[in-house]
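Asker: One structure, pasted below without further comment.
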Amino acid sequence: MFNNILKYIIIIFFFLCNTILLAQDCSISIQGRVVDEVSQLPLSYVNVYLQETSQGAATDNDGRFFFKNVCVGHYHIIFSHIGCEDSKLHIDLERDTVINVDLDHSDHSLGTVVIQGPKDNVSIQPNLSVNRKKIEDSSNQNLAGLIENEAGVHLIKNGSGISKPVVQGLFGNRLTILNNGIAQSGQQWGNDHSPEIDPFAADNITILKGASALEYNGGNLGSVILVEPKRITREPHLHGQVNYSYESNGRGNNANFRLEKYSRKIAWRINGTLRKYGDRKTTSYYLNNTGLQEANFSIQLEKEWNEKIFVDLYASSFNSRLGVLRGSHIALPEEIEQAFTLLEPFYTEPNFSYGVDAPKQHVSHQLIKLKAKYYQNETSVLEFIIAGQLNDRKEFDIRRSGRSDIPALSLKQYTVNVDLTYAKILGDNWNFKIGNQCIVTDNTNNPTGILPLIPDYLSWENGIFATISKKINVVQFKSGIRYDFERQEALTITNTLPKEILRYKNNFQNISGLLAWEVDILDHQSISIYSGLSMRNPEVNELYSNGVHQGVSGIEEGDVNLESEIALKNILEYKWLPSPSFSLSTLAYHQRFKDYIFLNPQDEIRPTIRGSFPVFKYEQTDASIYGVDFSSQFTISNLIIGQVKYSYLRGDDTKNDVPLIYMPPSSVFGSLTYRTLNPINLSSKITLDEFEIELNNRMVFEQIHILAEQDFIAPPAGYNLVGLKVSTNMLTPSYKVRLFVKADNLLNAQYRDYLNRQRYFADDVGISITMGINFKF
Amino acid sequence: MKINYFLFLALPLLLTSCDKDDPVIPNEEELITTVNYTLTSSDGQDVVLLSFVDLDGDGENQPTIMGGTLSANTVYTGSIELLNEAESPAEDITEEVQEEDDEHQFFFQSTISELVVSYTDQDGDGNPVGLNTSITTGAPDSGNLTVTLRHEPVKDAAGVSAGDITNAQGETDIEVTFPIDVQ
């Protein structure tokens, strides 16, 4: 995995020298050396492939490679290394050439320091990221599924198609997802709402686990997920790729294409994805009505003037239909208890179907963004972003008299973002950054014949931040402050008779601050300390929710008197990267909350005509969440690569001395990958390289830190999932094809996951085989 | 640069300069506020009305529940009426259930010994609905009668057409409990 998150392209230096003019056209040599960008240590066993002639080579112990008898012409050279994203170089070959390549090899799952391009600012933050290669190799996954195995990351799900990420115990309102630099808008509070982002449009998904991500808006309390495409490669030819995969469980089809071309006038990239899944299957029965359909498209345009002004226009459209297990559409507690005792959920049918019927969700999300970056001089950059989003969510329930076609919930949310940031390197190498961010959100319910759970509202947020950082010898320091102002106007409808409209106006002010140090100690070791204070004001759902909510199986009521919650997060991280073949990172964190907002079950059981429902009210308490994220990667004699990732987390309501509910249990992910060192020549034209076999295992422990009375049913037992993946690249003179086959839940384990609401009603999915092909040209 | 900066600050301000329009109060056509279960003795002399009224839906106000006193060893004819009294005039939801009688079924569970409720109506497939019932009382006792309406039950599942709710599935549209005295 790669740390090229804020570097849009891997920096490749190449020098043309040693010029010897030769009489013969086809006796030119290309030689070079590949080194690790961070450590500058030579990288051995990097596969170097000369695409036009199908010549392949691997670097030696000193990182050197050599091609001889190459003709004059245009060539593409591909550098690939295990776990790394390929980097491609275009050269006009006229004479003997020496190429020196800095390959970004450091393992980003370990959380390395992100140092942005030379003209940008320095940021210190533990981060980990998923690169393009993993996105392509996991084409059957949604955004949350792609990062599931990372240390400190868990998923909250409602069935297999709907999942949202949890980072260090925080999700929804407390976790910002930045899509292309824009805080993803939507109904992020609900446990049954996936982020509406097509991962295929991205090249990097980065999780920043800092104490306080000050530069990002959206009410985050520490962590941020960044989803970003990279800059279009400065390559004059039309390049593109097609991805297709088929997944046996759910009989899912995923198809994606991407095209891009650079010219001095304008650079462009388009991306399109189609997905279709039917009913998933557990070890023994179909999960009826859990299919999904998705159609996404994005376009990216880039234009540069004199290397001074860089303008980027990005537009994307995400459209999905998601089925919800019919047998899980139950809200009465005694019915949930009954459903839990069933061998298979109600409405289970013996046949597979692609149909998506009520209960279901139709969600679409449109984004348009214009970013302009002005490199004023060597030391200062000005960035301006304006973006608009439209999130349209419709949820359909089973209703009487043909009303199932009318959504039970229909929300339209318009969001406008305006950001302005200025970064400057001051004298004495102080990096200074200041910014203003503005978000206007307009949320409206369309008539459904049902009282809305979330009211209509309009909110206006404005945030100002300033950060300063500096590196002195082995010490890197960063500090910052942020101020946010939010004005909310919400219009609720009472359920009194006659119904009345109440208009609420709130003003909130939040202050956040951060201090961070990173110290390089001996032998490629470093210690980082982050300390951040952040505030988050209550969101509209926490203030004004009102009604029966399937997601909580009860009546959910907001409290208009809630105040901002305050969180203090401290992180201690230790990293050791002694060589490209071994790395280790341990991160311990503790976050204390004052006035933590949560949904608390009340003593009241409210009789209604549909039965008696438990009542949940948003309340505030003091809380503490602490945990450890550990990850390590090692290489055994260059043939086998091992990875271990472990997460431990514990959350407590410190005022009432009870555990916090919905906290992820501990989990361990381990993988062993065997690879071939040299390309395998199948024939003179066909070469296999990066042939890999990966065996992995994900073990999730039982959540024992919870009291019996805090849930309808005790948390499920722990489980263990085994996976196997075989992948290779097939290279020919004119194209490159990547092939993979993988098995998830290989042993067909029967299990239920604590953070999946479907666990009350049904088992999780059983074995699934995915076959994928990726064609690049 | 400073000028631009303040201009951008002002842009979103313009967008919020006016108040948001009032939302449309939904016409809750599906809401059921009232269940009236009328029991008439076979000689027509004794009419008992069991009723459950909850005008604010899921709101905080408690429902008004009216139980009744039945005579021992008597046969009653039962008929259920469903209303939405939040609308004016009140909407008759009974008709909706009648029109979709194959997708609806009432279930009757009682804690009273010797009280038996049996179906006297059928849908197009010959399965019971429960809008019309016959109630037979036995020895004097007191307890509760719970009336449940399920939408999209599986009527051919084991025991369902005989009035056993265990395998019925479906969404619960109504679940109300009436206190009953048999004297």
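Starting from 1 in every chain, residues are counted up; chains themselves are A, B, ... following the order of the structure tokens, and ligands are numbered from 1 as listed.
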Check the DSSP output for the backbone and give back, as a ChimeraX atom specification, the residues of segment 153-361 of chain A in strand (DSSP E or B).

Answerer: /A:153-157,163-167,170,176-179,182-183,204-208,224-228,239-247,252-261,267-277,280-281,286-287,292-305,309-323,360-361

Asker: List as a tab-separated table every residue of chain A that is in contact with chain B, defined as an atom at most 6 Å from one of its atoms (using only C-alpha atoms), together with the nearest atom pair and the distance in Å rounded to one decimal, sorted by chain and then rising number.

Answerer:
residue	atom	partner	partner_atom	distance
A:Gly449	CA	B:Glu28	CA	4.6
A:Ile450	CA	B:Glu28	CA	5.5
A:Asn495	CA	B:Asp56	CA	5.3
A:Thr496	CA	B:Asp56	CA	5.4
A:Ile609	CA	B:Ile174	CA	5.3
A:Arg610	CA	B:Ile174	CA	4.2
A:Gly611	CA	B:Glu175	CA	4.5

Asker: Which distance in Å separates atom CA of Leu226 of chain A and atom CA of Lys209 of chain A, to one decimal?

Answerer: 11.0 Å

Asker: If DSSP is run on the backbone, what residues of segment 86-136 of chain B are helix (DSSP H, G or I)? A reply as a JSON list (two decimals) with N, CA and C atoms, in the first residue's frame would be ideal.

Answerer:
[["chain", "number", "residue", "atom", "x", "y", "z"],
["B", 94, "THR", "N", -61.50, 0.38, 7.76],
["B", 94, "THR", "CA", -62.05, -0.98, 7.62],
["B", 94, "THR", "C", -62.17, -1.36, 6.14],
["B", 95, "GLU", "N", -62.56, -0.36, 5.35],
["B", 95, "GLU", "CA", -62.75, -0.63, 3.90],
["B", 95, "GLU", "C", -61.45, -1.06, 3.24],
["B", 96, "GLU", "N", -60.36, -0.40, 3.64],
["B", 96, "GLU", "CA", -59.07, -0.77, 3.04],
["B", 96, "GLU", "C", -58.72, -2.21, 3.35],
["B", 97, "VAL", "N", -59.00, -2.61, 4.58],
["B", 97, "VAL", "CA", -58.69, -3.98, 4.98],
["B", 97, "VAL", "C", -59.60, -4.95, 4.23],
["B", 98, "GLN", "N", -60.86, -4.55, 4.08],
["B", 98, "GLN", "CA", -61.81, -5.40, 3.36],
["B", 98, "GLN", "C", -61.39, -5.60, 1.90],
["B", 99, "GLU", "N", -60.94, -4.50, 1.29],
["B", 99, "GLU", "CA", -60.52, -4.59, -0.10],
["B", 99, "GLU", "C", -59.30, -5.48, -0.27],
["B", 101, "ASP", "N", -58.49, -8.07, 1.72],
["B", 101, "ASP", "CA", -58.70, -9.04, 2.81],
["B", 101, "ASP", "C", -57.75, -10.24, 2.71],
["B", 102, "ASP", "N", -57.27, -10.54, 1.50],
["B", 102, "ASP", "CA", -56.32, -11.65, 1.39],
["B", 102, "ASP", "C", -54.95, -11.30, 1.96],
["B", 103, "GLU", "N", -54.70, -10.00, 2.17],
["B", 103, "GLU", "CA", -53.40, -9.58, 2.72],
["B", 103, "GLU", "C", -53.49, -9.22, 4.19]]

Asker: Got a sec: who's within 7 Å of Tyr37 of chain B, counting only C-alpha atoms, leaving out chain neighbours fewer than 4 positions off, as a PDB file with C-alpha atoms, in the first residue's frame?

Answerer:
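This is the output file part16.pdb:
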ATOM      1  CA  LEU B  49     -68.032  -1.882  22.806  1.00  0.00           C
ATOM      2  CA  LEU B  50     -64.318  -2.477  23.248  1.00  0.00           C
ATOM      3  CA  SER B  51     -62.346   0.502  22.005  1.00  0.00           C
ATOM      4  CA  GLY B  78     -68.055  -9.543  16.987  1.00  0.00           C
ATOM      5  CA  SER B  79     -67.369  -6.879  14.392  1.00  0.00           C
ATOM      6  CA  ILE B  80     -64.307  -4.704  14.059  1.00  0.00           C
ATOM      7  CA  GLU B  81     -64.227  -1.129  12.840  1.00  0.00           C
TER       8      GLU B  81
END

Asker: May I ask for the distance between atom CA of Glu489 of chain A and atom CA of Pro601 of chain A, given in Å to one decimal place?

Answerer: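 These two atoms are separated by 27.3 Å.
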
Asker: State, in Å with one decimal place, the distance from atom CA of Lys575 of chain A to atom CA of Thr673 of chain A.

Answerer: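 Going from atom CA of Lys575 of chain A over to atom CA of Thr673 of chain A covers 22.6 Å.
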
Asker: Could you name the residues that touch Leu292 of chain A at 9 Å or less, counting only C-alpha atoms, but leaving out those on the same chain fewer than 2 positions away, as number ranges by chain?

Answerer: A: 161, 252, 275-279, 289-290, 294, 320-323, 354-356
